[in-house]
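S.K.: File name upload_39.txt; file contents compact mmCIF, C-alpha atoms; full text below.
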# COMPACT_ATOMS: atom_id res chain seq x y z
CA MET A 1 113.21 101.11 94.22
CA SER A 2 110.79 103.89 93.46
CA GLY A 3 110.11 105.45 90.11
CA PRO A 4 110.09 109.22 89.70
CA ALA A 5 107.96 111.01 92.28
CA LYS A 6 104.79 112.82 91.32
CA GLY A 7 103.27 115.97 92.76
CA ASP A 8 103.30 119.74 92.55
CA ALA A 9 106.63 121.08 91.30
CA ILE A 10 106.81 123.85 93.91
CA GLU A 11 110.22 125.51 93.92
CA ILE A 12 112.16 125.10 97.16
CA ALA A 13 113.02 128.47 98.65
CA ASN A 14 114.38 127.30 102.01
CA LYS A 15 114.90 124.32 104.32
CA THR A 16 111.69 125.08 106.18
CA GLN A 17 109.72 123.66 103.26
CA LEU A 18 111.59 120.37 103.55
CA VAL A 19 110.84 120.13 107.25
CA GLU A 20 107.19 120.94 106.57
CA PHE A 21 107.15 118.16 103.96
CA ALA A 22 108.05 115.62 106.66
CA GLU A 23 105.61 117.22 109.11
CA SER A 24 102.83 116.88 106.53
CA GLY A 25 102.98 113.14 107.10
CA CYS A 26 101.48 113.55 110.59
CA LYS A 27 98.00 111.99 110.65
CA PRO A 28 95.35 111.26 113.28
CA ILE A 29 95.26 107.61 114.28
CA GLU A 30 92.07 106.90 112.33
CA LYS A 31 93.94 107.76 109.13
CA TRP A 32 96.98 105.57 109.78
CA ARG A 33 97.45 103.10 106.95
CA ILE A 34 99.60 100.11 105.95
CA GLY A 35 101.58 100.07 102.70
CA THR A 36 103.38 96.83 101.88
CA GLU A 37 106.04 96.40 99.19
CA HIS A 38 107.70 93.19 98.11
CA GLU A 39 110.15 92.10 95.44
CA LYS A 40 110.64 88.74 93.77
CA PHE A 41 112.97 87.10 91.27
CA GLY A 42 111.58 86.06 87.90
CA PHE A 43 113.00 83.01 86.17
CA ASN A 44 112.44 80.90 83.10
CA LEU A 45 110.56 77.77 84.17
CA GLU A 46 112.45 75.56 81.73
CA THR A 47 116.03 76.83 82.05
CA LEU A 48 115.94 78.48 85.52
CA GLU A 49 117.68 81.47 83.94
CA PRO A 50 116.86 85.06 84.94
CA LEU A 51 114.41 86.97 82.77
CA PRO A 52 115.62 89.39 80.12
CA TYR A 53 113.57 92.50 79.47
CA GLY A 54 112.44 91.48 75.99
CA GLY A 55 111.38 88.23 74.36
CA PRO A 56 108.35 85.95 74.70
CA SER A 57 109.31 84.95 78.25
CA GLY A 58 110.69 88.29 79.38
CA ILE A 59 109.79 91.04 81.80
CA LYS A 60 108.11 93.15 79.12
CA ALA A 61 105.85 90.22 78.23
CA MET A 62 105.04 89.86 81.92
CA LEU A 63 104.07 93.51 82.27
CA GLU A 64 102.00 93.37 79.10
CA GLY A 65 100.19 90.25 80.31
CA LEU A 66 99.30 91.85 83.64
CA GLN A 67 97.52 94.65 81.82
CA ALA A 68 94.64 92.23 81.18
CA PHE A 69 93.74 92.70 84.87
CA GLY A 70 93.32 96.45 84.50
CA TRP A 71 96.86 97.64 85.14
CA GLN A 72 97.90 100.70 83.15
CA PRO A 73 101.39 100.87 81.61
CA VAL A 74 103.98 103.42 82.77
CA MET A 75 106.43 104.22 80.00
CA GLU A 76 110.00 105.44 79.90
CA GLY A 77 110.70 106.22 76.28
CA ASP A 78 109.45 103.25 74.29
CA ASN A 79 109.68 100.81 77.20
CA VAL A 80 106.99 99.85 79.66
CA ILE A 81 108.83 99.95 82.98
CA ALA A 82 105.96 99.82 85.48
CA LEU A 83 102.20 99.42 85.91
CA SER A 84 99.76 101.44 87.97
CA MET A 85 96.20 101.00 89.24
CA ASN A 86 94.19 102.63 92.03
CA GLY A 87 97.04 103.90 94.14
CA HIS A 88 99.40 100.96 93.81
CA SER A 89 101.96 99.88 91.27
CA VAL A 90 104.08 97.09 89.85
CA SER A 91 107.60 98.20 89.05
CA LEU A 92 110.98 96.86 88.04
CA GLU A 93 114.11 96.61 90.11
CA PRO A 94 117.46 96.91 88.27
CA GLY A 95 117.98 93.17 87.71
CA GLY A 96 114.41 92.48 86.64
CA GLN A 97 113.03 91.82 90.10
CA LEU A 98 109.30 92.51 90.05
CA GLU A 99 107.99 94.71 92.88
CA LEU A 100 104.46 95.30 94.10
CA SER A 101 104.07 98.64 95.87
CA GLY A 102 100.71 98.19 97.52
CA GLU A 103 97.90 100.57 98.33
CA ALA A 104 97.70 102.36 101.66
CA LEU A 105 95.25 100.00 103.41
CA GLU A 106 93.39 100.10 106.71
CA ASN A 107 94.10 96.60 108.02
CA LEU A 108 96.16 93.47 107.52
CA HIS A 109 93.25 91.46 106.12
CA GLN A 110 93.20 93.85 103.18
CA THR A 111 96.99 93.70 102.92
CA CYS A 112 97.08 89.93 102.68
CA SER A 113 94.20 89.92 100.19
CA GLU A 114 96.18 92.38 98.05
CA VAL A 115 99.28 90.17 98.19
CA HIS A 116 97.25 87.06 97.32
CA THR A 117 95.53 88.78 94.37
CA HIS A 118 98.80 90.09 92.99
CA LEU A 119 100.59 86.75 93.23
CA ALA A 120 97.63 84.98 91.62
CA GLN A 121 97.78 87.40 88.69
CA VAL A 122 101.53 86.96 88.38
CA ARG A 123 101.14 83.18 88.44
CA GLU A 124 98.41 83.23 85.78
CA VAL A 125 100.46 85.33 83.38
CA GLY A 126 103.67 83.49 84.23
CA ASP A 127 102.16 80.09 83.45
CA LYS A 128 101.19 81.34 80.01
CA ILE A 129 104.65 82.62 79.10
CA GLY A 130 106.79 80.03 80.91
CA VAL A 131 107.88 82.22 83.81
CA GLY A 132 108.00 81.65 87.57
CA PHE A 133 108.76 83.90 90.52
CA LEU A 134 110.73 83.20 93.67
CA GLY A 135 110.82 84.94 97.03
CA LEU A 136 114.34 84.94 98.50
CA GLY A 137 116.55 87.69 99.87
CA PHE A 138 119.36 87.11 97.36
CA SER A 139 119.68 85.46 93.98
CA PRO A 140 120.60 81.81 94.72
CA LYS A 141 122.13 80.90 91.38
CA TRP A 142 123.00 83.69 88.94
CA THR A 143 126.22 85.67 88.65
CA LEU A 144 126.20 89.42 88.13
CA GLU A 145 127.21 88.86 84.53
CA GLU A 146 124.25 86.53 83.97
CA THR A 147 121.77 88.98 85.46
CA PRO A 148 120.01 91.18 82.86
CA ILE A 149 119.77 94.92 83.40
CA MET A 150 116.45 96.70 83.00
CA PRO A 151 116.13 99.74 80.70
CA LYS A 152 115.56 102.49 83.29
CA GLY A 153 117.60 105.67 83.24
CA ARG A 154 118.13 105.98 87.00
CA TYR A 155 119.67 102.52 87.08
CA ASP A 156 122.33 103.45 84.54
CA ILE A 157 123.39 106.34 86.78
CA MET A 158 123.39 104.19 89.92
CA ARG A 159 125.34 101.38 88.25
CA ALA A 160 128.12 103.79 87.36
CA TYR A 161 128.23 105.55 90.74
CA MET A 162 127.68 102.82 93.30
CA PRO A 163 130.93 100.88 92.73
CA THR A 164 132.78 104.08 93.68
CA ARG A 165 131.19 103.97 97.15
CA GLY A 166 131.30 100.29 98.13
CA GLN A 167 131.96 96.73 97.06
CA HIS A 168 128.39 95.44 96.89
CA GLY A 169 126.26 98.15 95.31
CA LEU A 170 125.67 96.17 92.14
CA ASP A 171 124.77 93.07 94.14
CA MET A 172 122.21 95.13 96.02
CA MET A 173 120.72 96.48 92.81
CA LEU A 174 120.73 93.37 90.68
CA ARG A 175 120.59 90.36 92.99
CA SER A 176 118.64 91.23 96.15
CA CYS A 177 114.97 91.23 97.14
CA THR A 178 113.17 92.53 100.21
CA VAL A 179 109.75 92.93 101.76
CA GLN A 180 109.00 96.15 103.60
CA VAL A 181 106.10 98.01 105.15
CA ASN A 182 105.38 101.73 105.24
CA LEU A 183 103.64 103.08 108.34
CA ASP A 184 102.33 106.44 109.54
CA TYR A 185 103.04 108.65 112.52
CA GLY A 186 100.77 111.04 114.39
CA SER A 187 103.18 113.77 115.46
CA GLU A 188 106.86 114.56 115.66
CA ALA A 189 107.07 112.92 119.08
CA ASP A 190 105.28 109.83 117.74
CA MET A 191 107.62 109.72 114.75
CA ILE A 192 110.66 109.87 117.03
CA LYS A 193 109.49 107.02 119.24
CA LYS A 194 108.49 104.84 116.31
CA PHE A 195 111.71 105.61 114.42
CA ARG A 196 113.90 104.74 117.40
CA THR A 197 112.00 101.61 118.36
CA SER A 198 111.78 100.20 114.85
CA LEU A 199 115.38 101.05 113.99
CA ALA A 200 116.67 99.31 117.14
CA LEU A 201 114.51 96.27 116.39
CA GLN A 202 115.30 95.92 112.68
CA PRO A 203 117.85 93.14 113.50
CA VAL A 204 114.96 91.12 114.94
CA ALA A 205 113.21 91.32 111.57
CA THR A 206 116.46 90.49 109.77
CA ALA A 207 116.87 87.38 111.93
CA LEU A 208 113.26 86.19 111.59
CA PHE A 209 113.19 86.76 107.83
CA ALA A 210 116.76 85.59 107.10
CA ASN A 211 116.36 83.88 103.74
CA SER A 212 119.45 84.33 101.60
CA PRO A 213 122.08 81.65 102.32
CA PHE A 214 123.14 80.96 98.70
CA THR A 215 125.27 82.80 96.16
CA GLU A 216 125.95 81.41 92.68
CA GLY A 217 124.76 77.94 93.62
CA LYS A 218 126.59 77.49 96.92
CA PRO A 219 126.23 78.47 100.58
CA ASN A 220 127.72 81.91 101.15
CA GLY A 221 128.33 81.62 104.91
CA HIS A 222 125.49 84.00 105.79
CA LEU A 223 121.88 83.48 106.76
CA SER A 224 120.95 86.92 105.43
CA HIS A 225 123.36 87.68 102.62
CA ARG A 226 121.04 90.49 101.58
CA SER A 227 121.72 92.17 104.91
CA TYR A 228 125.46 91.59 104.48
CA ILE A 229 125.68 93.34 101.12
CA TRP A 230 124.13 96.46 102.65
CA THR A 231 127.13 96.74 105.00
CA ASP A 232 129.35 97.77 102.07
CA THR A 233 127.06 99.41 99.55
CA ASP A 234 127.32 103.14 100.28
CA PRO A 235 128.11 104.48 103.77
CA ASP A 236 126.61 107.87 102.92
CA ARG A 237 123.08 106.51 102.65
CA THR A 238 122.86 103.25 104.61
CA GLY A 239 123.08 101.96 108.16
CA MET A 240 121.60 102.28 111.64
CA LEU A 241 121.58 106.12 111.89
CA PRO A 242 122.93 106.67 115.42
CA PHE A 243 121.80 110.33 115.34
CA VAL A 244 118.17 109.19 115.52
CA PHE A 245 118.78 108.24 119.16
CA GLU A 246 120.47 111.50 120.15
CA ASP A 247 118.77 114.19 122.20
CA GLY A 248 117.14 116.75 119.96
CA PHE A 249 116.34 114.38 117.08
CA SER A 250 113.58 115.91 115.00
CA PHE A 251 112.13 116.26 111.52
CA GLU A 252 114.72 118.97 110.92
CA GLN A 253 117.63 116.76 111.92
CA TYR A 254 116.52 114.06 109.48
CA VAL A 255 116.24 116.73 106.77
CA ASP A 256 119.82 117.83 107.54
CA TYR A 257 120.96 114.22 107.20
CA ALA A 258 119.16 113.83 103.87
CA LEU A 259 120.60 117.11 102.58
CA ASP A 260 124.09 115.80 103.25
CA VAL A 261 123.57 112.56 101.32
CA PRO A 262 125.05 112.97 97.82
CA MET A 263 122.57 112.99 94.98
CA TYR A 264 122.12 110.44 92.21
CA PHE A 265 120.07 112.29 89.61
CA VAL A 266 117.54 114.95 88.68
CA TYR A 267 114.47 113.93 86.68
CA ARG A 268 113.48 116.36 83.93
CA ASP A 269 111.15 115.94 80.93
CA GLY A 270 111.07 112.16 81.19
CA LYS A 271 114.84 111.78 81.48
CA TYR A 272 117.28 111.22 84.32
CA ILE A 273 120.14 113.74 84.47
CA ASP A 274 123.27 112.44 86.13
CA ALA A 275 124.01 114.40 89.32
CA SER A 276 125.81 111.57 91.11
CA GLY A 277 127.91 112.70 94.03
CA GLN A 278 126.63 116.29 93.84
CA SER A 279 125.05 118.24 96.71
CA PHE A 280 121.36 118.96 97.19
CA ARG A 281 122.43 121.99 99.24
CA ASP A 282 124.23 123.32 96.16
CA PHE A 283 121.11 122.57 94.13
CA MET A 284 119.08 124.76 96.51
CA ASP A 285 121.60 127.56 95.98
CA GLY A 286 121.37 127.24 92.19
CA ASN A 287 124.90 125.84 91.99
CA LEU A 288 124.31 122.22 90.95
CA PRO A 289 126.89 121.35 88.26
CA ALA A 290 124.37 119.11 86.49
CA LEU A 291 121.83 121.97 86.16
CA PRO A 292 123.65 125.27 86.67
CA GLY A 293 121.39 128.15 87.65
CA GLU A 294 118.38 125.92 88.28
CA ARG A 295 116.82 125.34 91.70
CA PRO A 296 115.00 122.22 92.89
CA ASN A 297 111.31 121.69 93.46
CA MET A 298 109.52 119.49 95.96
CA VAL A 299 109.34 116.62 93.48
CA ASP A 300 113.13 116.70 93.26
CA TRP A 301 113.28 116.44 97.05
CA ASP A 302 110.84 113.54 97.09
CA ASN A 303 112.96 111.78 94.46
CA HIS A 304 116.12 112.42 96.48
CA LEU A 305 114.58 110.85 99.58
CA THR A 306 114.05 107.62 97.62
CA THR A 307 117.82 107.33 97.14
CA LEU A 308 118.49 107.02 100.89
CA PHE A 309 118.70 103.41 102.09
CA PRO A 310 119.03 103.21 105.90
CA GLU A 311 117.47 100.33 107.82
CA VAL A 312 114.48 102.60 108.51
CA ARG A 313 113.75 105.44 106.09
CA MET A 314 111.51 108.47 106.55
CA LYS A 315 109.65 110.27 103.82
CA ARG A 316 106.15 111.28 104.92
CA PHE A 317 105.94 107.91 106.63
CA LEU A 318 108.41 105.38 108.02
CA GLU A 319 109.67 102.46 105.95
CA MET A 320 110.85 99.24 107.63
CA ARG A 321 113.70 97.94 105.46
CA GLY A 322 115.43 95.10 107.35
CA ALA A 323 113.82 91.92 105.97
CA ASP A 324 114.66 89.43 103.22
CA GLY A 325 112.03 88.56 100.65
CA GLY A 326 110.14 85.31 101.16
CA PRO A 327 106.99 83.26 100.50
CA TRP A 328 103.54 84.80 100.63
CA ARG A 329 102.79 83.97 104.28
CA ARG A 330 105.83 85.95 105.38
CA LEU A 331 104.88 88.78 103.05
CA CYS A 332 101.81 89.18 105.27
CA ALA A 333 103.77 88.57 108.48
CA LEU A 334 106.19 91.48 108.01
CA PRO A 335 103.51 94.20 108.13
CA ALA A 336 101.78 92.31 110.95
CA LEU A 337 104.97 92.46 113.03
CA TRP A 338 105.43 96.20 112.68
CA VAL A 339 101.76 97.17 112.85
CA GLY A 340 101.46 95.18 116.06
CA LEU A 341 104.48 96.93 117.56
CA LEU A 342 103.94 100.49 116.35
CA TYR A 343 100.20 101.11 115.94
CA ASP A 344 99.16 100.55 119.57
CA ASP A 345 100.48 102.82 122.34
CA ALA A 346 100.87 100.09 124.94
CA ALA A 347 102.73 97.86 122.49
CA LEU A 348 104.97 100.70 121.36
CA ASN A 349 105.83 101.54 124.95
CA ALA A 350 106.60 97.89 125.72
CA ALA A 351 108.76 97.54 122.59
CA TRP A 352 110.68 100.72 123.44
CA ASP A 353 111.30 99.40 126.95
CA LEU A 354 113.12 96.44 125.39
CA VAL A 355 115.65 98.64 123.58
CA LYS A 356 115.80 102.02 125.31
CA ASP A 357 119.00 101.25 127.25
CA TRP A 358 120.96 99.95 124.26
CA THR A 359 123.97 101.92 123.09
CA ALA A 360 124.85 102.68 119.48
CA GLU A 361 127.48 99.94 119.77
CA ASP A 362 124.85 97.48 121.02
CA ARG A 363 122.55 98.22 118.11
CA GLN A 364 125.35 97.93 115.56
CA ALA A 365 126.56 94.65 117.07
CA LEU A 366 123.11 93.15 116.67
CA ARG A 367 122.77 94.43 113.13
CA ASP A 368 126.13 92.87 112.23
CA GLY A 369 125.61 89.66 114.17
CA VAL A 370 122.29 88.57 112.70
CA ILE A 371 123.82 88.41 109.22
CA THR A 372 125.53 85.15 110.16
CA THR A 373 123.94 83.88 113.36
CA ALA A 374 120.36 85.24 113.12
CA LEU A 375 118.34 83.96 116.10
CA ALA A 376 121.47 82.68 117.86
CA THR A 377 122.95 86.20 118.04
CA ARG A 378 123.59 87.39 121.60
CA THR A 379 121.64 90.45 122.75
CA PRO A 380 123.10 93.17 125.02
CA ASP A 381 121.63 91.52 128.12
CA GLY A 382 123.23 88.16 127.31
CA ARG A 383 120.14 86.43 125.97
CA THR A 384 119.71 85.28 122.38
CA MET A 385 117.93 86.99 119.53
CA ARG A 386 115.48 84.08 119.65
CA ASP A 387 114.55 85.07 123.21
CA LEU A 388 114.17 88.69 122.17
CA ALA A 389 112.10 87.73 119.12
CA HIS A 390 109.77 85.75 121.38
CA ASP A 391 109.19 88.83 123.53
CA VAL A 392 108.75 91.04 120.48
CA LEU A 393 106.14 88.72 118.97
CA GLU A 394 104.24 88.63 122.26
CA ILE A 395 104.11 92.41 122.27
CA ALA A 396 103.08 92.53 118.60
CA THR A 397 100.32 89.99 119.29
CA GLU A 398 98.90 92.13 122.07
CA GLY A 399 99.14 95.20 119.85
CA LEU A 400 97.15 93.51 117.10
CA LYS A 401 94.57 92.28 119.58
CA ALA A 402 94.11 95.81 120.87
CA ARG A 403 93.50 97.11 117.32
CA LYS A 404 90.45 94.84 116.99
CA ARG A 405 90.48 94.88 113.21
CA LEU A 406 88.26 91.91 112.37
CA ASP A 407 87.69 90.01 109.15
CA SER A 408 84.30 88.85 107.87
CA PHE A 409 84.52 85.76 110.11
CA GLY A 410 85.23 87.78 113.25
CA GLY A 411 88.93 86.95 113.39
CA ASP A 412 91.50 89.58 114.34
CA GLU A 413 94.90 90.22 112.76
CA THR A 414 97.02 88.14 115.14
CA HIS A 415 97.09 85.00 112.97
CA PHE A 416 99.29 86.81 110.46
CA LEU A 417 102.11 86.44 112.99
CA ASN A 418 101.85 82.64 113.07
CA ALA A 419 104.54 82.10 110.44
CA LEU A 420 107.00 84.02 112.62
CA LYS A 421 105.96 82.26 115.80
CA VAL A 422 106.79 78.91 114.19
CA ILE A 423 110.28 80.18 113.39
CA VAL A 424 110.82 81.21 117.02
CA GLU A 425 109.36 77.98 118.38
CA THR A 426 111.56 75.77 116.22
CA GLY A 427 114.59 78.04 116.31
CA GLU A 428 115.12 77.41 112.60
CA THR A 429 115.20 80.44 110.32
CA PRO A 430 114.08 80.19 106.68
CA ALA A 431 117.75 80.25 105.62
CA GLU A 432 118.60 77.35 107.92
CA GLU A 433 115.69 75.38 106.48
CA LEU A 434 117.10 75.94 103.00
CA LEU A 435 120.58 74.89 104.08
CA ARG A 436 119.21 71.75 105.73
CA LYS A 437 117.56 70.76 102.45
CA TYR A 438 120.64 71.72 100.42
CA ASN A 439 122.81 69.45 102.56
CA GLY A 440 120.22 66.69 102.56
CA GLU A 441 117.51 65.89 100.05
CA TRP A 442 118.67 68.48 97.49
CA GLU A 443 122.10 66.82 97.30
CA HIS A 444 124.04 70.10 97.25
CA SER A 445 122.03 71.72 94.48
CA VAL A 446 120.06 74.97 94.70
CA ASP A 447 117.91 74.12 91.68
CA PRO A 448 115.09 72.58 93.76
CA VAL A 449 114.47 75.94 95.41
CA PHE A 450 112.93 77.14 92.14
CA ARG A 451 110.40 74.33 92.30
CA GLU A 452 109.65 74.08 96.01
CA TYR A 453 109.66 77.78 96.94
CA ALA A 454 108.26 79.48 93.84
CA TYR A 455 105.05 81.47 94.23
So, in terms of structure tokens, how does the structure I just supplied come out?
M.R.:
Amino acid sequence: MSGPAKGDAIEIANKTQLVEFAESGCKPIEKWRIGTEHEKFGFNLETLEPLPYGGPSGIKAMLEGLQAFGWQPVMEGDNVIALSMNGHSVSLEPGGQLELSGEALENLHQTCSEVHTHLAQVREVGDKIGVGFLGLGFSPKWTLEETPIMPKGRYDIMRAYMPTRGQHGLDMMLRSCTVQVNLDYGSEADMIKKFRTSLALQPVATALFANSPFTEGKPNGHLSHRSYIWTDTDPDRTGMLPFVFEDGFSFEQYVDYALDVPMYFVYRDGKYIDASGQSFRDFMDGNLPALPGERPNMVDWDNHLTTLFPEVRMKRFLEMRGADGGPWRRLCALPALWVGLLYDDAALNAAWDLVKDWTAEDRQALRDGVITTALATRTPDGRTMRDLAHDVLEIATEGLKARKRLDSFGGDETHFLNALKVIVETGETPAEELLRKYNGEWEHSVDPVFREYAY
């Protein structure tokens, strides 16, 4: 989850400014970039317990150790709660999950180099303080009560509000991890096509990256339990957004949707003010109960947009949000999948052709089905998700070839898809691999996952 937004605190006089904010994301193709974010669980190497904030083997010690590489601390009160350097950051999720929010980069070679450098730094500091990190979609071992809570003001507000909106909000906050990629659009029409195509195809990513079959030491009956918990977290701000596929969808319609999502907070003078359940429309009229008489600025709007959690989210770019966290090769594969599909016109057209005839019911059925059956889920035309994923990867491969972004050895970006192609070829998702080991060599214990799958 994001920290407080930064920027000019221009007062919002009307909705037009909010629409223009989204429009300001339009960029010519030569300025399209790739921003990758990924979360991971920290654990004590000796006890396999989650990391508290303080102590010699805690999150604070981790953040302090990373500063040796040039990271600058970001403080909230007396606590370091994030790090920043050259346009990217390391931040904390509510349960101590560590997140890298990467730079906006030109190609996937740079993206994977960034991921590798970050994980190497994390490993170096972790080895010194007795800490490891694990890439899964959901905490495999710890209960909610065992999971520490990080000292960030927005999380206190969310922890109080989210249980009023669904059964699994605290699980989402404290026990889940994802990998996502942020991508640009060139115009409103380009945004619409990319939004619709990527939203319809998010279940493909969920199936390919399904990597959360355990809860509190046992199989939970799902292949992507992370995806399951989002089905009952907060209906106001989650889901497949059927209105995106309706005639007339536009920047303005997304703004109207965002305006109708209840607020969490307002950030003022380094503190989070509880505005949970209140209306941003009232805020614009000067009638927000949390700040009577005060009107919002564009930073407030940017902050509000970070509290929306649909499967694809728009700010001044599009965020792909459907995948479980995983090992480093799949951290590079997720941006490769979406860049290949969305950053080449021919690929985007081919991907849209796959999904353009689906109904809202079709899309929702896929989103629900992949939670449990992943690649075995039936598609609207009677095939399997595995068949669809094969076609999607072929399109993404051609899209990456067409980009012709080469590394120093003359190789293009297509090899970053190899980890996903293996999954389709074998038909075994990451979660099914974990379950096979759990039922076999691991002798019904999840503890080996901390050794065999740690970064």
S.K.: Excluding same-chain residues fewer than 5 positions from A:Tyr264, what lies within 12 Å of it counting only C-alpha atoms, as a ChimeraX atom specification?
M.R.: /A:153-162,236-237,272-280,290,300-301,303-308
S.K.: List the neighbours of A:Val131 out to 6 Å using all atoms listed in the file; skip same-chain residues closer than 6 positions along the sequence, and give me the result as a list in words.
M.R.: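 Counting all atoms listed in the file, the residues come to Phe43, Asn44 and Leu45 of chain A.
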S.K.: What separation in Å, quoted to one decimal, exists between atom CA of A:Gly58 and atom CA of A:Pro163?
M.R.: 27.3 Å
S.K.: Which polymer residues have any atom within 12 Å of an atom of A:Asp78, counting all atoms listed in the file, with same-chain residues fewer than 4 positions away left out, as JSON, numbers by chain?
M.R.: {"A": [60, 73, 74, 151, 152, 270]}
S.K.: What does the distance between atom CA of A:Glu106 and atom CA of A:Arg33 come to in Å, to one decimal place?
M.R.: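 Between these atoms lies a distance of 5.1 Å.
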S.K.: Would you list the contacts of A:Ala333 as a list in words, taking every protein, DNA or RNA residue within 9 Å and counting only C-alpha atoms, but skipping same-chain residues closer than 6 positions in sequence?
M.R.: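 My reading of the contact set: Cys112, His415, Phe416, Leu417, Asn418, Ala419 and Leu420 of chain A.
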S.K.: Work out how far apart atom CA of A:Glu103 and atom CA of A:Ala9 are and give it in Å to one decimal.
M.R.: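 Those two atoms sit 23.4 Å apart.
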S.K.: Which residue out of A:Glu398, A:Asp381, A:Asp285, A:Asp171 has the minimum interatomic distance to A:Ala13 when all atoms listed in the file are used?
M.R.: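 The closest residue to A:Ala13 is A:Asp285.
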S.K.: Give as a PyMOL selection string each residue that has an atom at most 12 Å from (121.7, 89.3, 89.0) in the file, counting all atoms listed in the file.
M.R.: chain A and resi 41-43+49-52+93-97+138-150+169-177+215-216
S.K.: Hey, could you patch up stretch 266-284 of chain A with N, CA and C atoms and hand it over as a PDB file, keeping the file's coordinate frame?
M.R.:
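Just written: part.pdb:
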ATOM      1  N   VAL A 266     118.696 114.067  88.741  1.00  0.00           N
ATOM      2  CA  VAL A 266     117.540 114.950  88.680  1.00  0.00           C
ATOM      3  C   VAL A 266     116.683 114.460  87.509  1.00  0.00           C
ATOM      4  N   TYR A 267     115.382 114.418  87.719  1.00  0.00           N
ATOM      5  CA  TYR A 267     114.470 113.930  86.680  1.00  0.00           C
ATOM      6  C   TYR A 267     113.818 115.134  86.006  1.00  0.00           C
ATOM      7  N   ARG A 268     114.030 115.252  84.685  1.00  0.00           N
ATOM      8  CA  ARG A 268     113.480 116.360  83.930  1.00  0.00           C
ATOM      9  C   ARG A 268     112.970 115.862  82.567  1.00  0.00           C
ATOM     10  N   ASP A 269     111.722 116.215  82.258  1.00  0.00           N
ATOM     11  CA  ASP A 269     111.150 115.940  80.930  1.00  0.00           C
ATOM     12  C   ASP A 269     111.300 114.478  80.527  1.00  0.00           C
ATOM     13  N   GLY A 270     111.044 113.584  81.483  1.00  0.00           N
ATOM     14  CA  GLY A 270     111.070 112.160  81.190  1.00  0.00           C
ATOM     15  C   GLY A 270     112.453 111.552  81.141  1.00  0.00           C
ATOM     16  N   LYS A 271     113.479 112.304  81.535  1.00  0.00           N
ATOM     17  CA  LYS A 271     114.840 111.780  81.480  1.00  0.00           C
ATOM     18  C   LYS A 271     115.545 112.015  82.815  1.00  0.00           C
ATOM     19  N   TYR A 272     116.475 111.108  83.123  1.00  0.00           N
ATOM     20  CA  TYR A 272     117.280 111.220  84.320  1.00  0.00           C
ATOM     21  C   TYR A 272     118.602 111.907  83.970  1.00  0.00           C
ATOM     22  N   ILE A 273     118.891 112.995  84.665  1.00  0.00           N
ATOM     23  CA  ILE A 273     120.140 113.740  84.470  1.00  0.00           C
ATOM     24  C   ILE A 273     121.108 113.343  85.566  1.00  0.00           C
ATOM     25  N   ASP A 274     122.283 112.935  85.181  1.00  0.00           N
ATOM     26  CA  ASP A 274     123.270 112.440  86.130  1.00  0.00           C
ATOM     27  C   ASP A 274     123.777 113.581  87.026  1.00  0.00           C
ATOM     28  N   ALA A 275     123.493 113.458  88.334  1.00  0.00           N
ATOM     29  CA  ALA A 275     124.010 114.400  89.320  1.00  0.00           C
ATOM     30  C   ALA A 275     124.737 113.638  90.424  1.00  0.00           C
ATOM     31  N   SER A 276     125.247 112.458  90.099  1.00  0.00           N
ATOM     32  CA  SER A 276     125.810 111.570  91.110  1.00  0.00           C
ATOM     33  C   SER A 276     126.960 112.230  91.852  1.00  0.00           C
ATOM     34  N   GLY A 277     126.882 112.139  93.184  1.00  0.00           N
ATOM     35  CA  GLY A 277     127.910 112.700  94.030  1.00  0.00           C
ATOM     36  C   GLY A 277     127.767 114.189  94.295  1.00  0.00           C
ATOM     37  N   GLN A 278     126.806 114.846  93.671  1.00  0.00           N
ATOM     38  CA  GLN A 278     126.630 116.290  93.840  1.00  0.00           C
ATOM     39  C   GLN A 278     125.719 116.584  95.036  1.00  0.00           C
ATOM     40  N   SER A 279     125.675 117.840  95.446  1.00  0.00           N
ATOM     41  CA  SER A 279     125.050 118.240  96.710  1.00  0.00           C
ATOM     42  C   SER A 279     123.674 118.853  96.497  1.00  0.00           C
ATOM     43  N   PHE A 280     122.684 118.341  97.245  1.00  0.00           N
ATOM     44  CA  PHE A 280     121.360 118.960  97.190  1.00  0.00           C
ATOM     45  C   PHE A 280     121.390 120.366  97.774  1.00  0.00           C
ATOM     46  N   ARG A 281     122.306 120.632  98.718  1.00  0.00           N
ATOM     47  CA  ARG A 281     122.430 121.990  99.240  1.00  0.00           C
ATOM     48  C   ARG A 281     122.886 122.946  98.132  1.00  0.00           C
ATOM     49  N   ASP A 282     123.826 122.496  97.306  1.00  0.00           N
ATOM     50  CA  ASP A 282     124.230 123.320  96.160  1.00  0.00           C
ATOM     51  C   ASP A 282     123.077 123.529  95.196  1.00  0.00           C
ATOM     52  N   PHE A 283     122.291 122.478  94.992  1.00  0.00           N
ATOM     53  CA  PHE A 283     121.110 122.570  94.130  1.00  0.00           C
ATOM     54  C   PHE A 283     120.176 123.673  94.628  1.00  0.00           C
ATOM     55  N   MET A 284     119.959 123.740  95.941  1.00  0.00           N
ATOM     56  CA  MET A 284     119.080 124.760  96.510  1.00  0.00           C
ATOM     57  C   MET A 284     119.646 126.165  96.330  1.00  0.00           C
TER      58      MET A 284
END
